[in-house]
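Asks: Sharing a structure below in structure tokens format, with a few things to ask.
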Amino acid sequence: MTGRVIRAKGRMFTVVAAGREYQCEVLKKVKQTEGVTPVAVGDEVDFAFDEPGPGAITAVHERTSKFSRPRVGEENKGIEQVIAANVDQLVIVVSVGRPKFKQYLIDRFSVAAVKGHLSAVVVINKIDLKHKVDLEHVQEIYAAVDIPVTLTSCDDGRGLDDLREILKDHESILVGHSGVGKSSLLNAIQPGLQLRTNEVSDATNKGTHTTTTIELYPLQFGGYVVDTPGLKVMGLWDLDKYELENLFPEFKPYLGQCKFARCSHVHEPECAVKQAVSDREVFAERYESYVRIRNDL
Ligand code: GDP
Ligand code: ZN
């Protein structure tokens, strides 16, 4: 049989096929051939099932997209944990305050989206709070890289219809620091959506494992969402310094135009990217994020 993984809990996966849920484990064979995260939420899989189960996942179909992070507690080992596969949209949630608005975070996630072959949208929540964020300017910055910015408030309901439109018929993964309002937003657009704690930390520093649950939630108006807790390093786990420039789409016209072939666009003279920033063809805020992300790599 063929189905879709909608829930991953520890070593047990829930596969949906023809409207029915099947609990399945993963055959050892699959583990060895596919690496560390052989099966993730969102994967299309082949599986065998005999009552009363559990069934066995025998093969994973090729992924059209994936969203990964380094395995918790093993950030420096370069071990990939796929959080969700075959989703098409990254919804980057931030707030104007509580916690403080940080553009740099949006850019980190936007880079992860390009890298993971996902389209990105930004949701700025809590606009009912008093704040000093220049929202129009933020919208202008992201319009230049085709990332729509939607303003929302769970308190007064502004923007919630827009958010529904954004999520409708898409398979979205919601990311953002904890406290920005991801669960509140999902509960506001679909009351009764019983979000469980999507705890993805599956390995602590001491190497002990706790149970992991990641789930794909169906939306009544069409589409699915995956909600994840506040992850700082998500999606950038295997990024190369020289790859980063390609993940800022607005740099593209200038790449290859710098004096030095392997220009980092940070300190070299006659850099076409820095020139574009001075000429206001590239937003300085985006360039600053580029430098900061590069320094972190
Ligand atoms: P999550 O960690 O991203 O899922 O954030 P939560 O949904 O748990 O929200 C964190 C806190 O922010 C809660 O106390 C919410 O009531 C509050 N909150 C969420 N959305 C809004 C909003 O639009 N305006 C205001 N003022 N508070 C909000
Ligand atoms: Zn350069």
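Simple scheme: letters A, B, ... for chains in structure tokens order, numbers from 1 for residues in each chain, numbers from 1 for ligands in the order shown.
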Per residue of segment 90-121 of chain A within 12 Å of segment 55-64 of chain A, which atom pair is closest and at what distance in Å (one decimal), using only C-alpha atoms, listed by chain and increasing number, as a Markdown table?
Replies:
| residue | atom | partner | partner_atom | distance |
| --- | --- | --- | --- | --- |
| A:Gly116 | CA | A:Thr64 | CA | 9.3 |
| A:His117 | CA | A:Thr64 | CA | 8.0 |
| A:Leu118 | CA | A:Thr64 | CA | 9.5 |
Asks: With C-alpha atoms retained, write the just-selected residues as a compact mmCIF listing (two decimals), in the first residue's frame.
Replies:
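Wrote it out as part_30.txt, contents follow:
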# COMPACT_ATOMS: atom_id res chain seq x y z
CA GLY A 116 14.64 23.70 1.39
CA HIS A 117 12.80 24.57 -1.86
CA LEU A 118 9.86 26.10 0.00
Asks: Give as a list in words the residues surrounding ligand 1 up to a distance of 7 Å, considering only C-alpha atoms and all ligand atoms.
Replies: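 What falls inside 7 Å of ligand 1 is Asn125, Lys126, Ile127, Asp128, Leu129, Thr152, Ser153, Cys154, Asp155, Gly176, His177, Ser178, Gly179, Val180, Gly181, Lys182, Ser183, Ser184, Leu185 and Pro229 of chain A.
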Asks: Grab me every residue within 10 Å of ligand 2, counting only C-alpha atoms and all ligand atoms, and send it over as a VMD selection string.
Replies: chain A and resid 245 251 254 to 276
Asks: Need to verify the contact set: Val226 of chain A, 8 Å, only C-alpha atoms, exclusion of same-chain residues closer than 2 positions in sequence. Can you return it as number ranges by chain?
Replies: A: 84, 171-174, 214-217, 224, 228
Asks: Keeping only C-alpha atoms, take the residues you just selected and write them out as a PDB file, in the first residue's frame.
Replies:
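And here is the file that came out, out_10.pdb:
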ATOM      1  CA  ALA A  84       8.760  17.651   7.588  1.00  0.00           C
ATOM      2  CA  GLU A 171       1.006  22.369   3.137  1.00  0.00           C
ATOM      3  CA  SER A 172       2.665  24.803   5.473  1.00  0.00           C
ATOM      4  CA  ILE A 173       5.214  24.615   8.187  1.00  0.00           C
ATOM      5  CA  LEU A 174       4.939  27.324  10.825  1.00  0.00           C
ATOM      6  CA  ILE A 214       5.487  15.900  14.993  1.00  0.00           C
ATOM      7  CA  GLU A 215       2.119  16.078  13.313  1.00  0.00           C
ATOM      8  CA  LEU A 216       0.563  17.299  10.104  1.00  0.00           C
ATOM      9  CA  TYR A 217      -2.786  18.920  10.967  1.00  0.00           C
ATOM     10  CA  TYR A 224      -2.269  21.103   6.218  1.00  0.00           C
ATOM     11  CA  THR A 228       7.095  23.554  15.419  1.00  0.00           C
TER      12      THR A 228
END
Asks: Please provide the set of residues having any atom within 8 Å of segment 98-106 of chain A, restricted to only C-alpha atoms, with same-chain residues fewer than 4 positions apart removed, written as a ChimeraX atom specification.
Replies: /A:92,94,110,122,133,179-180,285,289
Asks: Just how far from atom CA of Ala40 of chain A is atom CA of Tyr242 of chain A, in Å to one decimal?
Replies: 28.6 Å
Asks: Could you find all residues in segment 88-160 of chain A that DSSP calls strand (DSSP E or B) from the backbone, and write them as a ChimeraX atom specification?
Replies: /A:89-95,119-125,149-151
Asks: Just the alpha helix (DSSP H) stuff from segment 46-201 of chain A, please, per backbone DSSP, written as a PyMOL selection string.
Replies: chain A and resi 103-115+135-143+160-167+182-189
Asks: Measuring between only C-alpha atoms, which one of A:Asn246, A:Ser278, A:Asn187, A:Ser65 shows the shortest distance to Asp227 of chain A?
Replies: A:Asn187
Asks: Considering only C-alpha atoms, state which residue in the set A:Gln23, A:Gln89, A:Gln190, A:Ser95 is at the smallest distance from Ile147 of chain A.
Replies: A:Gln89
Asks: Using only C-alpha atoms for the distances, tell me which of A:Gly159, A:Gly19, A:Gly42, A:Pro54 is nearest to Arg4 of chain A.
Replies: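 Between A:Gly159, A:Gly19, A:Gly42, A:Pro54, the residue approaching Arg4 of chain A most closely is A:Gly42.
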Asks: Looking at A:Ile293, A:Ala120, A:Ala18, A:Ile189, which one is nearest to Val87 of chain A, with distances taken over only C-alpha atoms?
Replies: A:Ala120
